[in-house]
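Colleague: Handing you this structure, nothing more for now.
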Amino acid sequence: MNSQMKRGTLEMCALSVISKDDCYGYEIVNRISGCMEMTEGTIYPLMKRLREAGLIDSYIVESPEGPPRKYYKLTEKGRTELERLISEWKEFETSIDKLLKGDYSNDNE
């Protein structure tokens, strides 16, 4: 997938994954990687930005398999933002699908 397209959707993808279950960084990467290529180094700067924006919170959980893990969970603000992003995505997807099918009409007129 083109890196510009991926960059524009990664926030929505991460918020969506976290909305299903609280997750630690490596889990988020694995879940997203099942659908599109992503590296672990990409997720932590994104998590930092989302946390600073108040869209997610984090907490530490001791792990029997190594060091403690930082889990991320969605805030109410994050849930609202995810709903907005999904709505925008669906609108964008519909517009692009119309264009690719050769339908150049503007339904807003």
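Chain labels A, B, ... are given in the sequence in which chains occur in the structure tokens; within each chain residues are numbered consecutively from 1, and ligands are likewise numbered from 1 in the order shown.
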If you run DSSP on the backbone here, which positions in chain A get helix (DSSP H, G or I)? Please write them as a ChimeraX atom specification.
Modeller: /A:3-20,25-33,40-52,76-100
Colleague: Compare A:Val17, A:Met38, A:Leu100, A:Ile86 by their minimum atom-to-atom distance to A:Ile56, counting only C-alpha atoms, and give me the closest one.
Modeller: A:Val17
Colleague: Quick one: residues within 8 Å of A:Tyr24, only C-alpha atoms, excluding same-chain residues fewer than 5 positions away - as number ranges by chain?
Modeller: A: 69-72
Colleague: I need the residues of chain A that end up classed as strand (DSSP E) by DSSP on the backbone, written out as a list in words.
Modeller: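 Those residues are Cys23, Tyr24, Ile56, Asp57, Ser58, Tyr59, Ile60, Val61, Arg69, Lys70, Tyr71, Tyr72, Lys73 and Leu74 of chain A.
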Colleague: Between atom CA of A:Arg49 and atom CA of A:Ile96, what is the distance, to one decimal in Å?
Modeller: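 One can read the atom CA of A:Arg49 to atom CA of A:Ile96 distance as 28.5 Å.
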Colleague: Please provide the set of residues having any atom within 12 Å of A:Glu81, restricted to only C-alpha atoms, with same-chain residues fewer than 3 positions apart removed, written as a list in words.
Modeller: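 Listed by chain and then number, they are Glu11, Met12, Cys13, Ala14, Leu15, Ser16, Ser19, Leu50, Ala53, Gly54, Leu55, Ile56, Leu74, Thr75, Glu76, Lys77, Gly78, Arg84, Leu85, Ile86, Ser87 and Glu88 of chain A.
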Colleague: Would you mind exporting the chosen residues as a short mmCIF file (atom, residue, chain, number, x, y, z; two decimals), in the first residue's frame, restricted to N, CA, C and O atoms?
Modeller:
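Okay, this is what ended up in result.cif:
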data_model
loop_
_atom_site.label_atom_id
_atom_site.label_comp_id
_atom_site.auth_asym_id
_atom_site.auth_seq_id
_atom_site.Cartn_x
_atom_site.Cartn_y
_atom_site.Cartn_z
N GLU A 11 -3.99 6.26 12.04
CA GLU A 11 -4.60 6.70 13.30
C GLU A 11 -5.95 6.03 13.49
O GLU A 11 -6.25 5.50 14.57
N MET A 12 -6.76 6.03 12.43
CA MET A 12 -8.08 5.41 12.51
C MET A 12 -7.94 3.91 12.79
O MET A 12 -8.69 3.36 13.60
N CYS A 13 -6.99 3.26 12.13
CA CYS A 13 -6.79 1.82 12.33
C CYS A 13 -6.38 1.51 13.78
O CYS A 13 -6.91 0.59 14.39
N ALA A 14 -5.45 2.28 14.31
CA ALA A 14 -4.99 2.06 15.69
C ALA A 14 -6.13 2.29 16.68
O ALA A 14 -6.33 1.49 17.60
N LEU A 15 -6.87 3.37 16.50
CA LEU A 15 -8.00 3.63 17.40
C LEU A 15 -9.04 2.52 17.31
O LEU A 15 -9.61 2.11 18.32
N SER A 16 -9.26 2.01 16.10
CA SER A 16 -10.22 0.93 15.92
C SER A 16 -9.78 -0.33 16.66
O SER A 16 -10.58 -0.97 17.35
N SER A 19 -10.22 0.14 20.30
CA SER A 19 -11.63 0.22 20.71
C SER A 19 -12.22 -1.17 20.99
O SER A 19 -13.18 -1.29 21.73
N LEU A 50 -1.43 10.18 19.99
CA LEU A 50 -2.82 9.93 20.38
C LEU A 50 -3.03 10.18 21.87
O LEU A 50 -4.06 10.71 22.28
N ALA A 53 -3.05 13.89 22.56
CA ALA A 53 -4.32 14.47 22.08
C ALA A 53 -5.50 14.08 22.97
O ALA A 53 -6.62 14.54 22.76
N GLY A 54 -5.26 13.21 23.95
CA GLY A 54 -6.33 12.79 24.86
C GLY A 54 -7.24 11.73 24.27
O GLY A 54 -8.33 11.50 24.79
N LEU A 55 -6.81 11.07 23.20
CA LEU A 55 -7.65 10.06 22.55
C LEU A 55 -7.48 8.67 23.16
O LEU A 55 -8.37 7.83 23.04
N ILE A 56 -6.33 8.45 23.80
CA ILE A 56 -6.08 7.19 24.49
C ILE A 56 -5.42 7.47 25.83
O ILE A 56 -4.86 8.55 26.04
N LEU A 74 -8.92 3.29 24.89
CA LEU A 74 -9.59 4.42 24.27
C LEU A 74 -10.27 5.28 25.33
O LEU A 74 -10.88 4.74 26.26
N THR A 75 -10.19 6.59 25.19
CA THR A 75 -10.94 7.50 26.05
C THR A 75 -12.27 7.81 25.36
O THR A 75 -12.47 7.46 24.19
N GLU A 76 -13.16 8.47 26.04
CA GLU A 76 -14.42 8.90 25.41
C GLU A 76 -14.13 9.84 24.24
O GLU A 76 -14.77 9.74 23.20
N LYS A 77 -13.16 10.72 24.43
CA LYS A 77 -12.77 11.61 23.34
C LYS A 77 -12.25 10.80 22.15
O LYS A 77 -12.55 11.11 21.00
N GLY A 78 -11.51 9.74 22.43
CA GLY A 78 -11.00 8.86 21.39
C GLY A 78 -12.11 8.12 20.66
O GLY A 78 -12.08 7.96 19.45
N ARG A 84 -15.95 9.81 14.19
CA ARG A 84 -15.81 10.86 13.17
C ARG A 84 -14.93 10.39 12.02
O ARG A 84 -15.27 10.57 10.85
N LEU A 85 -13.80 9.77 12.34
CA LEU A 85 -12.88 9.29 11.31
C LEU A 85 -13.53 8.22 10.44
O LEU A 85 -13.36 8.21 9.22
N ILE A 86 -14.28 7.32 11.05
CA ILE A 86 -14.96 6.27 10.29
C ILE A 86 -16.00 6.89 9.35
O ILE A 86 -16.11 6.49 8.18
N SER A 87 -16.73 7.85 9.84
CA SER A 87 -17.73 8.53 9.00
C SER A 87 -17.05 9.21 7.81
O SER A 87 -17.51 9.10 6.67
N GLU A 88 -15.95 9.91 8.07
CA GLU A 88 -15.21 10.56 6.98
C GLU A 88 -14.67 9.53 6.00
O GLU A 88 -14.68 9.74 4.79
#
Colleague: For atom CA of A:Gly25 and atom CA of A:Glu83, quote the distance in Å rounded to one decimal.
Modeller: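 Computing it gives 21.8 Å between the two atoms.
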Colleague: Of the residues A:Pro64, A:Thr9, A:Ser58, A:Thr80, which is the one nearest to A:Met36, using only C-alpha atoms?
Modeller: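 Answer, going by the shortest atom-to-atom distance: A:Thr9.
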Colleague: Do you have the atom CA of A:Thr39-atom CA of A:Glu65 distance handy?
Modeller: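 Distance between the two atoms: 22.0 Å.
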Colleague: Nearest to A:Thr42 among A:Arg79, A:Asp57, A:Tyr26, A:Gly102, with distances taken over only C-alpha atoms: which residue is it?
Modeller: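 Closest to A:Thr42, using only C-alpha atoms: A:Tyr26.
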